[in-house]
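> Provided below: my_file_9.cif, containing mmCIF, C-alpha atoms.
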data_start
loop_
_atom_site.group_PDB
_atom_site.id
_atom_site.type_symbol
_atom_site.label_atom_id
_atom_site.label_comp_id
_atom_site.auth_asym_id
_atom_site.auth_seq_id
_atom_site.Cartn_x
_atom_site.Cartn_y
_atom_site.Cartn_z
ATOM 1 C CA MET A 26 3.519 23.014 17.968
ATOM 2 C CA ASP A 27 1.802 24.116 14.770
ATOM 3 C CA ILE A 28 1.779 22.368 11.379
ATOM 4 C CA ILE A 29 4.774 24.315 10.010
ATOM 5 C CA GLU A 30 6.956 23.480 13.005
ATOM 6 C CA LEU A 31 5.876 19.838 12.748
ATOM 7 C CA LYS A 32 6.718 19.798 9.017
ATOM 8 C CA ASP A 33 10.147 21.360 9.659
ATOM 9 C CA TYR A 34 10.848 18.845 12.416
ATOM 10 C CA ALA A 35 9.789 15.921 10.207
ATOM 11 C CA GLU A 36 11.953 17.141 7.310
ATOM 12 C CA ALA A 37 14.977 17.501 9.590
ATOM 13 C CA LEU A 38 14.390 13.989 10.910
ATOM 14 C CA ILE A 39 14.107 12.565 7.393
ATOM 15 C CA ARG A 40 17.342 14.286 6.316
ATOM 16 C CA MET A 41 19.095 12.705 9.319
ATOM 17 C CA LEU A 42 17.657 9.305 8.376
ATOM 18 C CA PRO A 43 19.935 7.956 5.666
ATOM 19 C CA SER A 44 18.654 5.316 3.301
ATOM 20 C CA GLU A 45 20.918 2.764 4.997
ATOM 21 C CA ILE A 46 18.801 2.967 8.152
ATOM 22 C CA TYR A 47 15.630 2.411 6.145
ATOM 23 C CA GLU A 48 17.240 -0.526 4.353
ATOM 24 C CA SER A 49 18.300 -1.940 7.728
ATOM 25 C CA ALA A 50 14.714 -1.683 8.978
ATOM 26 C CA VAL A 51 13.529 -3.609 5.923
ATOM 27 C CA SER A 52 16.166 -6.268 6.640
ATOM 28 C CA VAL A 53 15.014 -6.552 10.250
ATOM 29 C CA PHE A 54 11.422 -7.083 9.060
ATOM 30 C CA GLY A 55 12.651 -9.756 6.659
ATOM 31 C CA ILE A 56 14.566 -11.523 9.418
ATOM 32 C CA GLY A 57 11.444 -11.304 11.610
ATOM 33 C CA VAL A 58 9.425 -13.066 8.924
ATOM 34 C CA VAL A 59 11.994 -15.834 8.623
ATOM 35 C CA LEU A 60 12.106 -16.289 12.416
ATOM 36 C CA LEU A 61 8.310 -16.477 12.654
ATOM 37 C CA VAL A 62 8.220 -19.159 9.984
ATOM 38 C CA PHE A 63 11.003 -21.077 11.683
ATOM 39 C CA LEU A 64 9.582 -20.845 15.219
ATOM 40 C CA LEU A 65 5.852 -21.222 14.536
ATOM 41 C CA GLY A 66 5.830 -23.223 11.339
ATOM 42 C CA TRP A 67 4.531 -21.988 7.995
ATOM 43 C CA LYS A 68 0.798 -22.416 8.550
ATOM 44 C CA ARG A 69 0.699 -20.809 11.997
ATOM 45 C CA SER A 70 2.951 -17.914 11.057
ATOM 46 C CA PHE A 71 1.465 -17.151 7.627
ATOM 47 C CA LYS A 72 -0.922 -14.481 8.930
ATOM 48 C CA TRP A 73 1.753 -12.866 11.123
ATOM 49 C CA CYS A 74 4.245 -12.854 8.272
ATOM 50 C CA SER A 75 1.654 -11.271 6.011
ATOM 51 C CA GLY A 76 1.056 -8.595 8.642
ATOM 52 C CA LEU A 77 4.764 -7.805 8.848
ATOM 53 C CA LEU A 78 4.994 -7.673 5.072
ATOM 54 C CA ALA A 79 1.946 -5.363 4.925
ATOM 55 C CA ILE A 80 3.593 -2.973 7.405
ATOM 56 C CA GLU A 81 6.831 -3.114 5.445
ATOM 57 C CA TYR A 82 4.977 -2.478 2.182
ATOM 58 C CA CYS A 83 3.151 0.515 3.695
ATOM 59 C CA LEU A 84 6.530 1.937 4.741
ATOM 60 C CA LEU A 85 7.807 1.379 1.218
ATOM 61 C CA ILE A 86 4.797 3.231 -0.227
ATOM 62 C CA LEU A 87 5.304 6.118 2.209
ATOM 63 C CA SER A 88 9.009 6.281 1.419
ATOM 64 C CA ASN A 89 8.466 6.450 -2.328
ATOM 65 C CA ALA A 90 5.377 8.661 -2.315
ATOM 66 C CA VAL A 91 6.340 11.053 0.494
ATOM 67 C CA PHE A 92 9.652 10.809 2.318
ATOM 68 C CA TYR A 93 12.112 10.667 -0.568
ATOM 69 C CA ARG A 94 10.410 13.271 -2.747
ATOM 70 C CA GLU A 95 11.614 16.820 -3.093
ATOM 71 C CA THR A 96 9.806 19.405 -0.987
ATOM 72 C CA ALA A 97 7.789 21.919 -3.008
ATOM 73 C CA ASP A 98 7.434 25.617 -2.260
ATOM 74 C CA ILE A 99 3.679 25.380 -1.763
ATOM 75 C CA ARG A 100 1.102 22.821 -0.757
ATOM 76 C CA LYS A 101 -0.622 21.287 -3.763
ATOM 77 C CA MET A 102 -4.116 19.879 -3.578
ATOM 78 C CA ASP A 103 -6.740 19.064 -6.192
ATOM 79 C CA LEU A 104 -10.090 17.874 -4.889
ATOM 80 C CA ARG A 105 -11.865 17.749 -8.244
ATOM 81 C CA LEU A 106 -13.284 14.293 -8.779
ATOM 82 C CA PHE A 107 -11.841 12.480 -11.826
ATOM 83 C CA TRP A 108 -9.970 15.561 -13.072
ATOM 84 C CA THR A 109 -7.229 13.263 -14.387
ATOM 85 C CA TYR A 110 -9.613 11.722 -16.919
ATOM 86 C CA ASN A 111 -10.479 15.165 -18.240
ATOM 87 C CA GLU A 112 -6.772 15.899 -18.680
ATOM 88 C CA ILE A 113 -6.242 12.572 -20.459
ATOM 89 C CA ALA A 114 -9.126 13.405 -22.811
ATOM 90 C CA GLN A 115 -7.337 16.670 -23.588
ATOM 91 C CA GLY A 116 -4.159 14.814 -24.549
ATOM 92 C CA ASP A 117 -2.124 14.406 -21.345
ATOM 93 C CA ASN A 118 -1.048 10.790 -21.876
ATOM 94 C CA ALA A 119 1.421 10.819 -18.968
ATOM 95 C CA LEU A 120 -1.525 10.736 -16.574
ATOM 96 C CA LYS A 121 -2.619 7.368 -18.007
ATOM 97 C CA TYR A 122 0.593 5.826 -16.731
ATOM 98 C CA GLU A 123 0.281 7.602 -13.399
ATOM 99 C CA ILE A 124 -3.210 6.147 -12.910
ATOM 100 C CA ILE A 125 -2.026 2.653 -13.837
ATOM 101 C CA LEU A 126 0.930 2.933 -11.463
ATOM 102 C CA ASN A 127 -1.318 4.153 -8.632
ATOM 103 C CA VAL A 128 -3.582 1.134 -9.092
ATOM 104 C CA VAL A 129 -0.712 -1.357 -9.471
ATOM 105 C CA LEU A 130 1.149 0.060 -6.449
ATOM 106 C CA PHE A 131 -1.669 -0.948 -4.099
ATOM 107 C CA ILE A 132 -2.447 -4.426 -5.522
ATOM 108 C CA PRO A 133 0.127 -6.199 -3.283
ATOM 109 C CA LEU A 134 -1.366 -4.446 -0.254
ATOM 110 C CA GLY A 135 -4.835 -5.780 -1.121
ATOM 111 C CA LEU A 136 -3.392 -9.268 -1.483
ATOM 112 C CA LEU A 137 -1.706 -9.040 1.926
ATOM 113 C CA PHE A 138 -4.820 -7.552 3.563
ATOM 114 C CA GLY A 139 -6.797 -10.463 2.088
ATOM 115 C CA ILE A 140 -4.486 -12.932 3.814
ATOM 116 C CA ILE A 141 -4.632 -11.052 7.108
ATOM 117 C CA PHE A 142 -8.387 -10.382 7.135
ATOM 118 C CA ARG A 143 -9.622 -13.353 5.108
ATOM 119 C CA SER A 144 -12.746 -13.895 7.171
ATOM 120 C CA SER A 145 -13.670 -10.207 7.416
ATOM 121 C CA GLY A 146 -14.568 -9.760 3.767
ATOM 122 C CA TRP A 147 -13.911 -7.120 1.165
ATOM 123 C CA ARG A 148 -15.303 -4.162 3.151
ATOM 124 C CA LYS A 149 -12.488 -4.172 5.706
ATOM 125 C CA VAL A 150 -9.870 -4.489 2.961
ATOM 126 C CA PHE A 151 -11.541 -1.674 0.992
ATOM 127 C CA VAL A 152 -11.635 0.628 4.035
ATOM 128 C CA LEU A 153 -8.031 -0.154 5.015
ATOM 129 C CA GLY A 154 -6.840 0.529 1.468
ATOM 130 C CA CYS A 155 -8.687 3.833 1.521
ATOM 131 C CA ILE A 156 -7.191 4.736 4.921
ATOM 132 C CA VAL A 157 -3.620 3.954 3.822
ATOM 133 C CA SER A 158 -4.146 5.995 0.661
ATOM 134 C CA CYS A 159 -5.609 8.933 2.622
ATOM 135 C CA VAL A 160 -2.630 8.865 4.991
ATOM 136 C CA VAL A 161 -0.242 9.013 2.021
ATOM 137 C CA GLU A 162 -2.153 11.887 0.406
ATOM 138 C CA LEU A 163 -2.447 13.875 3.647
ATOM 139 C CA MET A 164 1.261 13.411 4.366
ATOM 140 C CA GLN A 165 2.038 14.678 0.863
ATOM 141 C CA LEU A 166 -0.080 17.750 1.594
ATOM 142 C CA VAL A 167 1.323 18.475 5.054
ATOM 143 C CA MET A 168 4.948 17.871 4.050
ATOM 144 C CA MET A 169 4.522 19.621 0.651
ATOM 145 C CA ARG A 170 5.763 16.588 -1.264
ATOM 146 C CA GLY A 171 3.481 15.865 -4.171
ATOM 147 C CA LEU A 172 -0.084 16.584 -5.142
ATOM 148 C CA CYS A 173 -2.803 15.613 -2.680
ATOM 149 C CA GLU A 174 -5.761 14.510 -4.787
ATOM 150 C CA ILE A 175 -8.982 12.544 -4.508
ATOM 151 C CA ASP A 176 -8.271 10.674 -7.750
ATOM 152 C CA ASP A 177 -5.176 9.058 -6.210
ATOM 153 C CA VAL A 178 -7.228 7.854 -3.241
ATOM 154 C CA ILE A 179 -9.773 6.318 -5.625
ATOM 155 C CA HIS A 180 -7.112 4.661 -7.788
ATOM 156 C CA ASN A 181 -5.142 3.354 -4.803
ATOM 157 C CA THR A 182 -8.288 1.964 -3.190
ATOM 158 C CA LEU A 183 -9.189 0.329 -6.491
ATOM 159 C CA GLY A 184 -5.742 -1.290 -6.528
ATOM 160 C CA THR A 185 -6.256 -2.616 -2.997
ATOM 161 C CA THR A 186 -9.625 -4.060 -4.021
ATOM 162 C CA ILE A 187 -8.120 -5.700 -7.117
ATOM 163 C CA GLY A 188 -5.424 -7.218 -4.901
ATOM 164 C CA PHE A 189 -8.126 -8.646 -2.653
ATOM 165 C CA VAL A 190 -9.871 -10.159 -5.702
ATOM 166 C CA PHE A 191 -6.540 -11.759 -6.664
ATOM 167 C CA TYR A 192 -6.369 -13.177 -3.149
ATOM 168 C CA LEU A 193 -9.892 -14.628 -3.477
ATOM 169 C CA ILE A 194 -8.973 -16.238 -6.812
ATOM 170 C CA TRP A 195 -5.761 -17.620 -5.316
ATOM 171 C CA GLU A 196 -7.647 -18.998 -2.306
ATOM 172 C CA PHE A 197 -10.276 -20.623 -4.570
ATOM 173 C CA LEU A 198 -7.627 -22.244 -6.769
ATOM 174 C CA TYR A 199 -5.715 -23.439 -3.721
ATOM 175 C CA ARG A 200 -8.860 -25.062 -2.295
ATOM 176 C CA GLN A 201 -9.535 -26.786 -5.624
ATOM 177 C CA TYR A 202 -5.948 -28.022 -5.736
ATOM 178 C CA ASP A 203 -6.171 -29.204 -2.125
ATOM 179 C CA LYS A 204 -9.404 -31.113 -2.882
ATOM 180 C CA ALA A 205 -7.788 -32.774 -5.905
ATOM 181 C CA ILE A 206 -4.761 -33.823 -3.884
ATOM 182 C CA THR A 207 -6.984 -35.147 -1.090
ATOM 183 C CA LYS A 208 -8.958 -37.247 -3.602
ATOM 184 C CA GLN A 209 -5.747 -38.684 -5.068
ATOM 185 C CA THR A 210 -4.362 -39.727 -1.694
ATOM 186 C CA ALA A 211 -7.645 -41.237 -0.477
#
Is it possible to give me this structure as C-alpha cells?

Amino acid sequence: MDIIELKDYAEALIRMLPSEIYESAVSVFGIGVVLLVFLLGWKRSFKWCSGLLAIEYCLLILSNAVFYRETADIRKMDLRLFWTYNEIAQGDNALKYEIILNVVLFIPLGLLFGIIFRSSGWRKVFVLGCIVSCVVELMQLVMMRGLCEIDDVIHNTLGTTIGFVFYLIWEFLYRQYDKAITKQTA
C-alpha cells in the first residue's frame, strides 16, 4: 500500500466518522477520568487523569489541525526557518495571530505533560511537544490538509515549554501554600 492509497483510505474513514462518534469518544474519556478519581481517590488518580486528558487533547489538536480541514489539491510544505517572521515584516499581520494561536494551542499540553512527567524535567516535555507537533505537521503533509512547516513545529514546541513553565510555577505556589497551611495547623 503506497502513500496515496493510504491517504485515500484515511480520508474515506474520516468521512465515515461523523462528529458524533468523536464527541462520544471525548465523553468516554471524560467518564474515565471521573471513574479514576472516584475509584482511586484524587491524589492517586491525578497522574492517570492527566494522561487521559493529554491523550484527549492530542486528539482534539489532530481533529482541528488535520482531520476536519478541507483536503487541498497538492501537498504544501515550507521548510524555510522563520519564514513567517519575514512575511510579518512585509506586512502580513494575519501570521502574527497564527503564531500566537500555535503557541497558545500547545500550552495546555505542556501543563499536562508537566503533571505526568514531573520528575523527568523539561527535556522530556520539550521532546514530547516537538514529537506531537511533528506528527501533526506530517499528517497535514501526507493527507494534504494544511501547510507543513518548520515554524509551526517551533511555535508549538515553544507553547508546550511555556505550559511546562506554568506547571512549575503552579507546583511552586502549591508547595508554598501547603507549607503555610502546615504551619497554621501545627
> Take CA of Phe138 in chain A and CA of Leu61 in chain A and report the distance between them in Å, one decimal.
18.3 Å
> Report as a PyMOL selection string the full result of the PyMOL selection byres ((chain A and resi 161-171) around 10) when it is applied to this structure.
chain A and resi 28-29+31-33+35-36+83+86-88+90-102+155-160+172-175+177-178
> Using all atoms listed in the file, which of the listed residues (A:Leu126, A:Lys208, A:Leu153, A:Ile141) sits closest to Lys72 in chain A?
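For Lys72 in chain A, the nearest of the candidates is A:Ile141.
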> Could you expand the PyMOL selection byres ((chain A and resi 134) around 8) into the explicit residues it covers here, written as a PyMOL selection string?
chain A and resi 79+82-83+131-133+135-138+154+185+188
> Save the residues we just selected, C-alpha atoms, as an mmCIF file, in the frame of the given file?

data_model
loop_
_atom_site.group_PDB
_atom_site.id
_atom_site.type_symbol
_atom_site.label_atom_id
_atom_site.label_comp_id
_atom_site.auth_asym_id
_atom_site.auth_seq_id
_atom_site.Cartn_x
_atom_site.Cartn_y
_atom_site.Cartn_z
ATOM 1 C CA ALA A 79 1.946 -5.363 4.925
ATOM 2 C CA TYR A 82 4.977 -2.478 2.182
ATOM 3 C CA CYS A 83 3.151 0.515 3.695
ATOM 4 C CA PHE A 131 -1.669 -0.948 -4.099
ATOM 5 C CA ILE A 132 -2.447 -4.426 -5.522
ATOM 6 C CA PRO A 133 0.127 -6.199 -3.283
ATOM 7 C CA GLY A 135 -4.835 -5.780 -1.121
ATOM 8 C CA LEU A 136 -3.392 -9.268 -1.483
ATOM 9 C CA LEU A 137 -1.706 -9.040 1.926
ATOM 10 C CA PHE A 138 -4.820 -7.552 3.563
ATOM 11 C CA GLY A 154 -6.840 0.529 1.468
ATOM 12 C CA THR A 185 -6.256 -2.616 -2.997
ATOM 13 C CA GLY A 188 -5.424 -7.218 -4.901
#
> Interatomic distance between CA of Trp195 in chain A and CA of Ser52 in chain A?
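So the two atoms, CA of Trp195 in chain A and CA of Ser52 in chain A, lie 27.4 Å apart.
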> Kindly give the distance, in Å, that separates CA of Phe71 in chain A and CA of Ile140 in chain A, rounded to a single decimal.
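Between these atoms lies a distance of 8.2 Å.
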> Nearest to Gly139 in chain A: which of A:Leu120, A:Leu104, A:Leu193, A:Ile113 is it, counting all atoms listed in the file?
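Answer, going by the shortest atom-to-atom distance: A:Leu193.
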> Using only C-alpha atoms, find the one residue out of A:Asp176, A:Glu81, A:Trp73, A:Gln209 that sits nearest to Trp108 in chain A.
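Among the listed residues, the smallest separation from Trp108 in chain A belongs to A:Asp176.
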> Which is closest to Leu130 in chain A among A:Ile56, A:Ser144, A:Asn111, A:Leu85, if we use all atoms listed in the file?
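When distances to Leu130 in chain A are compared using all atoms listed in the file, the smallest one comes from A:Leu85.
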> Neighbouring residues of Ile124 in chain A were defined as those with any atom within 10 Å, considering all atoms listed in the file; residues of the same chain fewer than 5 positions away were excluded. Please report them as number ranges by chain.
A: 109-110, 119, 129-130, 176-177, 179-181
> Go through A:Leu183, A:Leu106, A:Glu112, A:Val59 and flag the residue nearest Asn127 in chain A, using only C-alpha atoms for the distances.
A:Leu183
> Please return range 130-148 of chain A, rebuilt to N, CA, C and O atoms, as an mmCIF file, in the coordinates of the input.

data_model
loop_
_atom_site.group_PDB
_atom_site.id
_atom_site.type_symbol
_atom_site.label_atom_id
_atom_site.label_comp_id
_atom_site.auth_asym_id
_atom_site.auth_seq_id
_atom_site.Cartn_x
_atom_site.Cartn_y
_atom_site.Cartn_z
ATOM 1 N N LEU A 130 0.395 -0.100 -7.690
ATOM 2 C CA LEU A 130 1.149 0.060 -6.449
ATOM 3 C C LEU A 130 0.420 -0.538 -5.251
ATOM 4 O O LEU A 130 1.042 -1.065 -4.334
ATOM 5 N N PHE A 131 -0.909 -0.494 -5.259
ATOM 6 C CA PHE A 131 -1.669 -0.948 -4.099
ATOM 7 C C PHE A 131 -2.198 -2.377 -4.231
ATOM 8 O O PHE A 131 -2.794 -2.897 -3.291
ATOM 9 N N ILE A 132 -1.989 -3.040 -5.360
ATOM 10 C CA ILE A 132 -2.447 -4.426 -5.522
ATOM 11 C C ILE A 132 -1.789 -5.360 -4.502
ATOM 12 O O ILE A 132 -2.485 -6.157 -3.860
ATOM 13 N N PRO A 133 -0.471 -5.313 -4.289
ATOM 14 C CA PRO A 133 0.127 -6.199 -3.283
ATOM 15 C C PRO A 133 -0.446 -5.975 -1.878
ATOM 16 O O PRO A 133 -0.600 -6.922 -1.104
ATOM 17 N N LEU A 134 -0.793 -4.733 -1.565
ATOM 18 C CA LEU A 134 -1.366 -4.446 -0.254
ATOM 19 C C LEU A 134 -2.736 -5.115 -0.108
ATOM 20 O O LEU A 134 -3.041 -5.680 0.952
ATOM 21 N N GLY A 135 -3.546 -5.097 -1.159
ATOM 22 C CA GLY A 135 -4.835 -5.780 -1.121
ATOM 23 C C GLY A 135 -4.686 -7.279 -0.970
ATOM 24 O O GLY A 135 -5.455 -7.929 -0.250
ATOM 25 N N LEU A 136 -3.673 -7.836 -1.612
ATOM 26 C CA LEU A 136 -3.392 -9.268 -1.483
ATOM 27 C C LEU A 136 -2.995 -9.608 -0.044
ATOM 28 O O LEU A 136 -3.512 -10.564 0.548
ATOM 29 N N LEU A 137 -2.123 -8.807 0.537
ATOM 30 C CA LEU A 137 -1.706 -9.040 1.926
ATOM 31 C C LEU A 137 -2.857 -8.826 2.905
ATOM 32 O O LEU A 137 -3.034 -9.602 3.848
ATOM 33 N N PHE A 138 -3.651 -7.770 2.699
ATOM 34 C CA PHE A 138 -4.820 -7.552 3.563
ATOM 35 C C PHE A 138 -5.804 -8.715 3.450
ATOM 36 O O PHE A 138 -6.453 -9.076 4.423
ATOM 37 N N GLY A 139 -5.928 -9.302 2.261
ATOM 38 C CA GLY A 139 -6.797 -10.463 2.088
ATOM 39 C C GLY A 139 -6.332 -11.634 2.946
ATOM 40 O O GLY A 139 -7.149 -12.321 3.568
ATOM 41 N N ILE A 140 -5.037 -11.848 2.991
ATOM 42 C CA ILE A 140 -4.486 -12.932 3.814
ATOM 43 C C ILE A 140 -4.726 -12.651 5.295
ATOM 44 O O ILE A 140 -5.131 -13.537 6.047
ATOM 45 N N ILE A 141 -4.511 -11.414 5.695
ATOM 46 C CA ILE A 141 -4.632 -11.052 7.108
ATOM 47 C C ILE A 141 -6.095 -11.081 7.570
ATOM 48 O O ILE A 141 -6.410 -11.577 8.647
ATOM 49 N N PHE A 142 -6.980 -10.532 6.744
ATOM 50 C CA PHE A 142 -8.387 -10.382 7.135
ATOM 51 C C PHE A 142 -9.297 -11.262 6.301
ATOM 52 O O PHE A 142 -10.385 -10.853 5.911
ATOM 53 N N ARG A 143 -8.892 -12.483 6.039
ATOM 54 C CA ARG A 143 -9.622 -13.353 5.108
ATOM 55 C C ARG A 143 -11.067 -13.572 5.509
ATOM 56 O O ARG A 143 -11.928 -13.680 4.659
ATOM 57 N N SER A 144 -11.366 -13.622 6.771
ATOM 58 C CA SER A 144 -12.746 -13.895 7.171
ATOM 59 C C SER A 144 -13.579 -12.619 7.291
ATOM 60 O O SER A 144 -14.788 -12.690 7.430
ATOM 61 N N SER A 145 -12.947 -11.467 7.226
ATOM 62 C CA SER A 145 -13.670 -10.207 7.416
ATOM 63 C C SER A 145 -14.344 -9.701 6.149
ATOM 64 O O SER A 145 -15.192 -8.822 6.211
ATOM 65 N N GLY A 146 -13.929 -10.173 5.007
ATOM 66 C CA GLY A 146 -14.568 -9.760 3.767
ATOM 67 C C GLY A 146 -13.935 -8.539 3.135
ATOM 68 O O GLY A 146 -12.990 -7.946 3.651
ATOM 69 N N TRP A 147 -14.488 -8.168 1.995
ATOM 70 C CA TRP A 147 -13.911 -7.120 1.165
ATOM 71 C C TRP A 147 -14.061 -5.729 1.770
ATOM 72 O O TRP A 147 -13.278 -4.834 1.487
ATOM 73 N N ARG A 148 -15.076 -5.511 2.610
ATOM 74 C CA ARG A 148 -15.303 -4.162 3.151
ATOM 75 C C ARG A 148 -14.126 -3.677 3.994
ATOM 76 O O ARG A 148 -13.695 -2.528 3.880
#
